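Source file: entry-v6.cif; contents: mmCIF, C-alpha atoms and all ligand atoms.
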data_start
#
loop_
_atom_site.label_atom_id
_atom_site.label_comp_id
_atom_site.auth_asym_id
_atom_site.auth_seq_id
_atom_site.Cartn_x
_atom_site.Cartn_y
_atom_site.Cartn_z
CA MET Y 173 116.46 81.45 107.54
CA THR Y 174 114.10 82.13 104.65
CA ARG Y 175 112.88 85.69 104.55
CA LEU Y 176 111.30 88.33 102.33
CA TYR Y 177 113.07 91.69 102.41
CA LEU Y 178 111.37 94.85 101.16
CA VAL Y 179 114.16 97.07 99.94
CA PRO Y 180 113.56 100.78 99.29
CA THR Y 181 115.44 102.22 96.31
CA PRO Y 182 116.29 105.85 95.44
CA ILE Y 183 113.51 108.19 94.24
CA GLY Y 184 116.03 110.12 92.14
CA ASN Y 185 119.41 110.56 93.75
CA LEU Y 186 121.31 107.28 93.61
CA GLU Y 187 123.31 108.23 96.72
CA ASP Y 188 120.15 107.56 98.74
CA ILE Y 189 120.52 103.76 98.63
CA THR Y 190 121.56 102.54 102.09
CA LEU Y 191 124.57 100.37 102.85
CA ARG Y 192 122.24 97.72 104.26
CA ALA Y 193 120.08 97.78 101.12
CA ILE Y 194 123.18 97.08 99.03
CA ARG Y 195 124.25 94.23 101.32
CA VAL Y 196 120.79 92.63 101.31
CA LEU Y 197 120.52 92.88 97.52
CA LYS Y 198 123.91 91.16 97.28
CA GLU Y 199 122.97 88.39 99.73
CA VAL Y 200 119.47 87.32 98.64
CA ASP Y 201 118.89 84.44 96.20
CA VAL Y 202 116.41 86.31 94.00
CA ILE Y 203 115.33 89.92 93.47
CA LEU Y 204 111.63 90.47 92.74
CA ALA Y 205 111.35 93.61 90.62
CA GLU Y 206 108.37 95.72 89.58
CA ASP Y 207 110.26 96.38 86.33
CA THR Y 208 113.30 94.21 85.70
CA ARG Y 209 114.77 96.75 83.25
CA THR Y 210 114.61 99.69 85.70
CA SER Y 211 115.93 97.61 88.59
CA GLY Y 212 118.54 96.05 86.29
CA ASN Y 213 119.98 99.52 85.69
CA LEU Y 214 120.21 100.19 89.43
CA LEU Y 215 121.79 96.79 90.11
CA ARG Y 216 124.35 97.35 87.35
CA HIS Y 217 125.17 100.75 88.88
CA LEU Y 218 125.71 98.99 92.23
CA GLY Y 219 127.78 96.20 90.64
CA ILE Y 220 125.23 93.55 91.66
CA SER Y 221 124.35 90.62 89.42
CA LYS Y 222 121.36 88.54 90.63
CA PRO Y 223 118.52 86.53 89.15
CA MET Y 224 115.41 88.73 88.88
CA THR Y 225 111.73 87.81 88.71
CA ALA Y 226 109.09 90.29 87.47
CA PHE Y 227 106.62 91.28 90.15
CA HIS Y 228 104.19 94.06 89.24
CA LEU Y 229 100.59 95.07 89.84
CA ASN Y 230 99.35 93.34 86.67
CA ASN Y 231 100.41 89.92 87.88
CA GLU Y 232 100.58 90.48 91.66
CA HIS Y 233 97.46 88.37 92.41
CA GLN Y 234 98.65 85.39 90.39
CA THR Y 235 102.27 85.38 91.47
CA VAL Y 236 101.82 85.90 95.22
CA GLU Y 237 101.08 82.21 95.85
CA ARG Y 238 103.94 81.02 93.67
CA ILE Y 239 106.45 83.41 95.29
CA ALA Y 240 105.29 82.44 98.79
CA ASP Y 241 105.75 78.75 97.84
CA ARG Y 242 109.33 79.50 96.78
CA LEU Y 243 110.01 81.37 100.02
CA GLU Y 244 108.66 78.40 101.97
CA GLY Y 245 110.95 76.24 99.87
CA GLY Y 246 113.93 78.06 101.32
CA GLU Y 247 114.75 80.89 98.87
CA THR Y 248 115.50 84.31 100.33
CA MET Y 249 114.12 87.19 98.30
CA ALA Y 250 114.18 90.98 98.10
CA LEU Y 251 111.30 92.96 96.60
CA VAL Y 252 112.18 96.25 94.92
CA THR Y 253 110.00 98.65 92.95
CA ASP Y 254 110.94 101.29 90.38
CA ALA Y 255 111.56 103.88 93.10
CA GLY Y 256 110.95 104.32 96.80
CA THR Y 257 109.49 101.87 99.28
CA PRO Y 258 107.60 98.78 98.06
CA GLY Y 259 103.99 98.72 99.23
CA ILE Y 260 103.65 102.52 99.21
CA SER Y 261 101.51 103.18 96.09
CA ASP Y 262 103.48 100.25 94.66
CA PRO Y 263 103.24 96.44 94.67
CA GLY Y 264 104.02 94.71 97.95
CA PHE Y 265 101.02 94.57 100.24
CA MET Y 266 99.51 91.33 98.92
CA LEU Y 267 102.80 89.46 99.09
CA VAL Y 268 103.50 90.71 102.62
CA ARG Y 269 99.99 89.69 103.70
CA GLU Y 270 100.47 86.21 102.26
CA CYS Y 271 103.89 85.84 103.97
CA VAL Y 272 102.41 86.96 107.29
CA ARG Y 273 99.56 84.46 106.81
CA ARG Y 274 102.04 81.64 106.22
CA GLY Y 275 104.44 82.66 109.00
CA ILE Y 276 107.24 83.63 106.59
CA GLU Y 277 109.58 86.29 108.04
CA VAL Y 278 109.20 89.73 106.43
CA GLU Y 279 111.59 92.62 106.92
CA CYS Y 280 111.15 96.09 105.41
CA LEU Y 281 114.35 98.12 105.39
CA PRO Y 282 113.99 101.83 106.12
CA GLY Y 283 114.88 104.01 103.15
CA PRO Y 284 113.70 106.38 100.44
CA THR Y 285 110.03 107.19 99.99
CA ALA Y 286 108.65 110.35 98.38
CA PHE Y 287 105.99 111.33 100.89
CA VAL Y 288 108.18 111.76 103.97
CA PRO Y 289 110.51 114.48 102.59
CA ALA Y 290 107.52 116.14 100.85
CA LEU Y 291 105.61 116.26 104.15
CA VAL Y 292 108.54 117.43 106.25
CA ASN Y 293 109.53 120.09 103.67
CA SER Y 294 105.98 121.41 103.50
CA GLY Y 295 106.00 123.38 106.74
CA LEU Y 296 102.54 121.95 107.48
CA PRO Y 297 101.83 120.01 110.69
CA THR Y 298 103.53 116.60 110.71
CA GLU Y 299 102.33 115.15 114.00
CA ARG Y 300 99.27 113.65 112.31
CA PHE Y 301 98.72 113.15 108.62
CA ILE Y 302 96.67 111.14 106.13
CA PHE Y 303 98.31 109.44 103.17
CA GLU Y 304 95.89 109.14 100.25
CA GLY Y 305 98.36 108.28 97.47
CA PHE Y 306 96.87 108.70 93.97
CA LEU Y 307 93.32 110.06 93.66
CA PRO Y 308 90.92 107.96 91.58
CA HIS Y 309 90.90 109.34 88.03
CA LYS Y 310 87.16 109.09 87.40
CA LYS Y 311 84.83 106.99 89.53
CA GLY Y 312 84.81 108.14 93.14
CA ARG Y 313 87.04 111.17 92.52
CA GLN Y 314 84.50 113.81 93.61
CA THR Y 315 83.55 111.83 96.70
CA LYS Y 316 87.23 111.43 97.62
CA LEU Y 317 87.93 115.15 97.08
CA LYS Y 318 85.04 116.09 99.39
CA GLU Y 319 86.23 113.58 101.97
CA ILE Y 320 89.74 115.10 101.85
CA ALA Y 321 88.26 118.59 102.31
CA SER Y 322 86.76 117.42 105.60
CA TYR Y 323 89.95 115.85 106.99
CA PRO Y 324 91.30 117.76 109.97
CA TYR Y 325 94.88 116.57 109.27
CA THR Y 326 97.58 117.31 106.73
CA THR Y 327 96.84 115.19 103.64
CA ILE Y 328 99.34 113.67 101.25
CA LEU Y 329 98.57 113.01 97.57
CA TYR Y 330 100.71 111.53 94.82
CA GLU Y 331 100.02 113.15 91.46
CA SER Y 332 101.18 113.08 87.87
CA PRO Y 333 102.51 116.32 86.33
CA PHE Y 334 99.75 116.17 83.69
CA ARG Y 335 96.98 116.29 86.29
CA LEU Y 336 98.53 118.66 88.83
CA VAL Y 337 96.74 121.83 87.65
CA LYS Y 338 93.39 120.07 87.36
CA THR Y 339 93.76 118.58 90.83
CA LEU Y 340 94.66 121.95 92.37
CA GLN Y 341 91.57 123.46 90.68
CA GLN Y 342 89.39 120.67 92.05
CA LEU Y 343 90.86 121.06 95.53
CA ILE Y 344 89.89 124.75 95.39
CA GLU Y 345 86.34 123.75 94.39
CA VAL Y 346 85.94 121.62 97.51
CA MET Y 347 88.12 123.57 100.00
CA GLY Y 348 88.12 127.15 98.78
CA PRO Y 349 91.28 128.98 97.59
CA ASP Y 350 92.91 129.78 100.94
CA ARG Y 351 93.99 126.41 102.30
CA GLN Y 352 97.80 126.11 102.54
CA VAL Y 353 99.45 123.63 100.18
CA SER Y 354 102.95 122.54 99.31
CA VAL Y 355 103.85 120.91 96.01
CA ALA Y 356 107.09 118.92 96.06
CA ARG Y 357 108.45 118.29 92.58
CA GLU Y 358 111.41 116.13 91.57
CA LEU Y 359 112.54 115.42 95.14
CA THR Y 360 116.25 114.56 95.48
CA LYS Y 361 116.84 115.44 91.79
CA ILE Y 362 118.63 118.41 90.18
CA HIS Y 363 115.39 120.32 89.53
CA GLU Y 364 113.85 119.69 92.96
CA GLU Y 365 111.45 122.42 94.03
CA ASN Y 366 108.96 122.87 96.85
CA VAL Y 367 106.27 125.42 96.03
CA ARG Y 368 104.31 126.58 99.06
CA GLY Y 369 101.40 128.96 99.50
CA THR Y 370 97.64 129.05 99.34
CA LEU Y 371 95.95 126.69 96.88
CA GLN Y 372 95.25 129.70 94.64
CA GLU Y 373 98.87 130.95 94.74
CA VAL Y 374 100.28 127.52 93.94
CA LEU Y 375 97.70 126.97 91.18
CA ASP Y 376 98.65 130.34 89.63
CA TYR Y 377 102.35 129.38 89.74
CA PHE Y 378 101.88 126.02 88.00
CA SER Y 379 99.29 127.33 85.52
CA GLN Y 380 101.97 129.55 83.96
CA LYS Y 381 104.37 126.78 82.97
CA GLU Y 382 104.54 123.27 81.62
CA VAL Y 383 104.64 120.96 84.64
CA LYS Y 384 107.21 118.18 84.44
CA GLY Y 385 108.55 115.52 86.75
CA GLU Y 386 107.20 113.68 89.76
CA ILE Y 387 104.85 115.37 92.19
CA VAL Y 388 103.65 115.10 95.79
CA ILE Y 389 100.90 117.44 97.01
CA ILE Y 390 100.64 118.20 100.72
CA VAL Y 391 97.42 119.96 101.75
CA GLU Y 392 96.64 121.62 105.04
CA GLY Y 393 93.98 119.92 107.13
CA GLY Y 394 90.62 121.57 107.53
CA SER Y 395 89.51 123.21 110.74
CA ILE Y 396 86.19 124.77 111.69
CA GLY Y 397 87.73 128.06 110.55
CA ASN Y 398 88.86 127.09 107.07
CA ARG Y 399 86.24 124.61 105.90
CA PRO Y 400 84.20 126.01 103.03
N1 LIG O 1 106.87 103.65 96.30
C1 LIG O 1 107.09 105.06 96.03
C2 LIG O 1 107.36 105.77 97.36
O1 LIG O 1 107.79 105.10 98.31
O2 LIG O 1 107.20 106.99 97.43
C3 LIG O 1 105.93 105.67 95.28
C4 LIG O 1 105.66 105.02 93.96
S1 LIG O 1 104.36 105.78 93.06
C5 LIG O 1 104.12 104.62 91.76
C6 LIG O 1 105.17 107.06 92.20
C7 LIG O 1 104.74 108.44 92.68
O3 LIG O 1 105.53 108.79 93.84
C8 LIG O 1 105.00 109.56 91.70
O4 LIG O 1 103.94 109.67 90.76
C9 LIG O 1 105.07 110.76 92.60
O5 LIG O 1 103.78 111.16 93.01
C10 LIG O 1 105.80 110.17 93.81
N2 LIG O 1 107.26 110.35 93.64
C11 LIG O 1 108.18 109.38 93.38
N3 LIG O 1 109.41 109.94 93.28
C12 LIG O 1 109.27 111.26 93.47
C13 LIG O 1 110.17 112.37 93.46
N4 LIG O 1 111.46 112.22 93.24
N5 LIG O 1 109.66 113.61 93.70
C14 LIG O 1 108.33 113.79 93.93
N6 LIG O 1 107.45 112.78 93.92
C15 LIG O 1 107.90 111.53 93.70
#
Serialized structure, structure tokens:
Amino acid sequence: MTRLYLVPTPIGNLEDITLRAIRVLKEVDVILAEDTRTSGNLLRHLGISKPMTAFHLNNEHQTVERIADRLEGGETMALVTDAGTPGISDPGFMLVRECVRRGIEVECLPGPTAFVPALVNSGLPTERFIFEGFLPHKKGRQTKLKEIASYPYTTILYESPFRLVKTLQQLIEVMGPDRQVSVARELTKIHEENVRGTLQEVLDYFSQKEVKGEIVIIVEGGSIGNRP
């Protein structure tokens, strides 16, 4: 039966691909890839040779209809992104929505994603959390920062290494320096580190060095006691 699989891929450590992910990638007719070069490297590592079609945010709108037509025509496909779970700060949502609209079966395999280990490692409450992904760079950034300051739940942000220090400074401006934070860097890779403390302590730590690698920020939720 025709189906779209969403297949999570490793966020660093190649051992994190699941046995089922490998089987599905071997069985589908076509692999939709955010970047065919990056996914090509992974597929070569896994010994899989499959036709690939580019599927990234720049052409997601245009290609959704065409891909859904092909699925309806009987092709089975797997969507992969450069790393982690498709649809999480990555392409996927619009294609899934279109498949759901047309009654095409969709199945997301469980697997690697950066925010879950970052959250669980943080030591901050995990029973409720808000995933914000990337902050807007310019328009709406201040409004979003203030909104985050008012959230009563642990908040998850994706961030680039070049903006980490600036973002920590801006979080202090809206929350004060004492909120707990955990910065997860290079999860599952050789230089993985989780830096925990108050916003001020973690800002001081990262201000003293060049920040490299991939970053998730986990911020403590506000309460009546720690809102500025
Ligand atoms: N779809 C991915 C997922 O499921 O997590 C996220 C893709 S998003 C384009 C890339 C961002 O995820 C990075 O900028 C970083 O914030 C986070 N990320 C990905 N891999 C990571 C890693 N190994 N360590 C820390 N953060 C990571």
Each region 233-330 of chain Y residue no farther than 6 Å from region 189-212 of chain Y, nearest pair in Å, only C-alpha atoms, as JSON lines:
{"residue": "Y:Thr248", "atom": "CA", "partner": "Y:Val200", "partner_atom": "CA", "distance": 5.3}
{"residue": "Y:Met249", "atom": "CA", "partner": "Y:Val202", "partner_atom": "CA", "distance": 5.0}
{"residue": "Y:Ala250", "atom": "CA", "partner": "Y:Ile203", "partner_atom": "CA", "distance": 4.9}
{"residue": "Y:Leu251", "atom": "CA", "partner": "Y:Leu204", "partner_atom": "CA", "distance": 4.6}
{"residue": "Y:Val252", "atom": "CA", "partner": "Y:Ala205", "partner_atom": "CA", "distance": 5.1}
{"residue": "Y:Thr253", "atom": "CA", "partner": "Y:Glu206", "partner_atom": "CA", "distance": 4.8}
Quiz item: Which residues form the shell of 10 Å around ligand LIG 1 (chain O) when you count all atoms listed in the file, given as number ranges by chain?
Solution: Y: 180-185, 252-264, 283-290, 305-306, 328-333, 355-366, 385-389
| Between CA of Glu319 (chain Y) and CA of His228 (chain Y), what is the distance, to one decimal in Å? |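 Atom-to-atom, CA of Glu319 (chain Y) and CA of His228 (chain Y) are spaced 29.4 Å apart.
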Query - Coordinates-based distance that separates CA of Thr315 (chain Y) from CA of Arg368 (chain Y) (Å, one decimal) - result: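 Between these atoms lies a distance of 25.6 Å.
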Please identify all polymer residues within 12 Å of Asp376 (chain Y), counting all atoms listed in the file, omitting same-chain residues fewer than 2 positions from it, and present them as a PyMOL selection string. chain Y and resi 336-338+340-341+344+349+367-374+378-381
### Task
Write out as a ChimeraX atom specification the residues lying within 12 Å of Lys318 (chain Y), counting all atoms listed in the file and excluding same-chain residues fewer than 5 positions away.
/Y:307,312-313,323,342-348,394,399-400
Task: Selected residue, from Y:Val353, Y:Ile390, Y:Ile320, Y:Cys271, that lies nearest to Asp241 (chain Y) when counting all atoms listed in the file - done: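 Closest residue, counting all atoms listed in the file: Y:Cys271.
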**Asked** Which value, in Å to one decimal, gives the distance between CA of Val268 (chain Y) and CA of Arg300 (chain Y)?
**Response**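 Those two atoms sit 25.3 Å apart.
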- prompt: Taking all atoms listed in the file into account, which of Y:Val236, Y:Met224, Y:Leu296, Y:Val278 comes nearest Gly393 (chain Y)?
  reply: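 For Gly393 (chain Y), the nearest of the given residues is Y:Leu296.
Remark: for Ala240 (chain Y), the closest of the candidate residues Y:Lys311, Y:Arg175, Y:Arg335, Y:Lys316 is Y:Arg175 (distances computed over all atoms listed in the file).
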Can you report as AutoDock Vina command-line options the centre and edge lengths in Å, to one decimal, of an axis-aligned box around the listed atoms of region 367-372 of chain Y padded with 8 Å on each side?
--center_x 100.8 --center_y 127.6 --center_z 97.1 --size_x 27.0 --size_y 20.3 --size_z 20.9
Note to self: Restricting the calculation to all atoms listed in the file: of Y:Leu178, Y:Val383, Y:Val391, Y:Ala226, which residue gets closest to Cys280 (chain Y)?
What the structure shows: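 Looking at the shortest contact to Cys280 (chain Y), the residue is Y:Leu178.
For the residues Y:Glu392, Y:Gly246, Y:Leu215, Y:Arg351, ranking by smallest atom-to-atom distance to Leu291 (chain Y) using all atoms listed in the file places Y:Glu392 first.
Each of Y:Tyr325, Y:Phe303, Y:Phe334, Y:Phe265 was checked against Ser395 (chain Y) using all atoms listed in the file; the smallest atom-to-atom distance is that of Y:Tyr325.
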Since fewer atoms than expected are present, regenerate N, CA and C atoms for region 349-376 of chain Y and write them as a PDB file, in the frame of the given file.
ATOM      1  N   PRO Y 349      89.945 128.679  98.116  1.00  0.00           N
ATOM      2  CA  PRO Y 349      91.280 128.980  97.590  1.00  0.00           C
ATOM      3  C   PRO Y 349      92.356 129.222  98.654  1.00  0.00           C
ATOM      4  N   ASP Y 350      91.971 129.263  99.931  1.00  0.00           N
ATOM      5  CA  ASP Y 350      92.910 129.780 100.940  1.00  0.00           C
ATOM      6  C   ASP Y 350      93.652 128.720 101.740  1.00  0.00           C
ATOM      7  N   ARG Y 351      93.298 127.476 101.563  1.00  0.00           N
ATOM      8  CA  ARG Y 351      93.990 126.410 102.300  1.00  0.00           C
ATOM      9  C   ARG Y 351      95.472 126.408 101.894  1.00  0.00           C
ATOM     10  N   GLN Y 352      96.374 126.184 102.858  1.00  0.00           N
ATOM     11  CA  GLN Y 352      97.800 126.110 102.540  1.00  0.00           C
ATOM     12  C   GLN Y 352      98.102 124.778 101.844  1.00  0.00           C
ATOM     13  N   VAL Y 353      99.050 124.832 100.906  1.00  0.00           N
ATOM     14  CA  VAL Y 353      99.450 123.630 100.180  1.00  0.00           C
ATOM     15  C   VAL Y 353     100.946 123.724  99.884  1.00  0.00           C
ATOM     16  N   SER Y 354     101.561 122.575  99.731  1.00  0.00           N
ATOM     17  CA  SER Y 354     102.950 122.540  99.310  1.00  0.00           C
ATOM     18  C   SER Y 354     103.055 121.482  98.212  1.00  0.00           C
ATOM     19  N   VAL Y 355     103.642 121.867  97.090  1.00  0.00           N
ATOM     20  CA  VAL Y 355     103.850 120.910  96.010  1.00  0.00           C
ATOM     21  C   VAL Y 355     105.341 120.612  95.925  1.00  0.00           C
ATOM     22  N   ALA Y 356     105.689 119.349  96.149  1.00  0.00           N
ATOM     23  CA  ALA Y 356     107.090 118.920  96.060  1.00  0.00           C
ATOM     24  C   ALA Y 356     107.282 118.277  94.702  1.00  0.00           C
ATOM     25  N   ARG Y 357     108.224 118.801  93.946  1.00  0.00           N
ATOM     26  CA  ARG Y 357     108.450 118.290  92.580  1.00  0.00           C
ATOM     27  C   ARG Y 357     109.894 117.814  92.458  1.00  0.00           C
ATOM     28  N   GLU Y 358     110.064 116.656  91.881  1.00  0.00           N
ATOM     29  CA  GLU Y 358     111.410 116.130  91.570  1.00  0.00           C
ATOM     30  C   GLU Y 358     112.318 116.061  92.814  1.00  0.00           C
ATOM     31  N   LEU Y 359     111.766 115.545  93.896  1.00  0.00           N
ATOM     32  CA  LEU Y 359     112.540 115.420  95.140  1.00  0.00           C
ATOM     33  C   LEU Y 359     113.844 114.658  94.902  1.00  0.00           C
ATOM     34  N   THR Y 360     114.880 115.128  95.499  1.00  0.00           N
ATOM     35  CA  THR Y 360     116.250 114.560  95.480  1.00  0.00           C
ATOM     36  C   THR Y 360     116.932 114.694  94.111  1.00  0.00           C
ATOM     37  N   LYS Y 361     116.252 115.316  93.128  1.00  0.00           N
ATOM     38  CA  LYS Y 361     116.840 115.440  91.790  1.00  0.00           C
ATOM     39  C   LYS Y 361     117.337 116.870  91.571  1.00  0.00           C
ATOM     40  N   ILE Y 362     118.017 117.096  90.443  1.00  0.00           N
ATOM     41  CA  ILE Y 362     118.630 118.410  90.180  1.00  0.00           C
ATOM     42  C   ILE Y 362     117.594 119.522  90.203  1.00  0.00           C
ATOM     43  N   HIS Y 363     116.401 119.269  89.638  1.00  0.00           N
ATOM     44  CA  HIS Y 363     115.390 120.320  89.530  1.00  0.00           C
ATOM     45  C   HIS Y 363     114.366 120.265  90.664  1.00  0.00           C
ATOM     46  N   GLU Y 364     114.783 119.741  91.816  1.00  0.00           N
ATOM     47  CA  GLU Y 364     113.850 119.690  92.960  1.00  0.00           C
ATOM     48  C   GLU Y 364     113.321 121.085  93.277  1.00  0.00           C
ATOM     49  N   GLU Y 365     112.013 121.173  93.512  1.00  0.00           N
ATOM     50  CA  GLU Y 365     111.450 122.420  94.030  1.00  0.00           C
ATOM     51  C   GLU Y 365     110.282 122.116  94.949  1.00  0.00           C
ATOM     52  N   ASN Y 366     110.093 122.973  95.933  1.00  0.00           N
ATOM     53  CA  ASN Y 366     108.960 122.870  96.850  1.00  0.00           C
ATOM     54  C   ASN Y 366     108.237 124.212  96.756  1.00  0.00           C
ATOM     55  N   VAL Y 367     107.023 124.181  96.231  1.00  0.00           N
ATOM     56  CA  VAL Y 367     106.270 125.420  96.030  1.00  0.00           C
ATOM     57  C   VAL Y 367     105.167 125.475  97.076  1.00  0.00           C
ATOM     58  N   ARG Y 368     105.231 126.497  97.927  1.00  0.00           N
ATOM     59  CA  ARG Y 368     104.310 126.580  99.060  1.00  0.00           C
ATOM     60  C   ARG Y 368     103.477 127.852  98.981  1.00  0.00           C
ATOM     61  N   GLY Y 369     102.259 127.780  99.480  1.00  0.00           N
ATOM     62  CA  GLY Y 369     101.400 128.960  99.500  1.00  0.00           C
ATOM     63  C   GLY Y 369      99.962 128.529  99.648  1.00  0.00           C
ATOM     64  N   THR Y 370      99.035 129.455  99.334  1.00  0.00           N
ATOM     65  CA  THR Y 370      97.640 129.050  99.340  1.00  0.00           C
ATOM     66  C   THR Y 370      97.390 128.209  98.079  1.00  0.00           C
ATOM     67  N   LEU Y 371      96.281 127.475  98.067  1.00  0.00           N
ATOM     68  CA  LEU Y 371      95.950 126.690  96.880  1.00  0.00           C
ATOM     69  C   LEU Y 371      95.913 127.583  95.632  1.00  0.00           C
ATOM     70  N   GLN Y 372      95.344 128.799  95.789  1.00  0.00           N
ATOM     71  CA  GLN Y 372      95.250 129.700  94.640  1.00  0.00           C
ATOM     72  C   GLN Y 372      96.636 130.142  94.164  1.00  0.00           C
ATOM     73  N   GLU Y 373      97.514 130.494  95.108  1.00  0.00           N
ATOM     74  CA  GLU Y 373      98.870 130.950  94.740  1.00  0.00           C
ATOM     75  C   GLU Y 373      99.639 129.843  94.014  1.00  0.00           C
ATOM     76  N   VAL Y 374      99.521 128.628  94.538  1.00  0.00           N
ATOM     77  CA  VAL Y 374     100.280 127.520  93.940  1.00  0.00           C
ATOM     78  C   VAL Y 374      99.673 127.129  92.586  1.00  0.00           C
ATOM     79  N   LEU Y 375      98.338 127.223  92.478  1.00  0.00           N
ATOM     80  CA  LEU Y 375      97.700 126.970  91.180  1.00  0.00           C
ATOM     81  C   LEU Y 375      98.181 128.010  90.160  1.00  0.00           C
ATOM     82  N   ASP Y 376      98.204 129.284  90.555  1.00  0.00           N
ATOM     83  CA  ASP Y 376      98.650 130.340  89.630  1.00  0.00           C
ATOM     84  C   ASP Y 376     100.077 130.066  89.148  1.00  0.00           C
TER      85      ASP Y 376
END
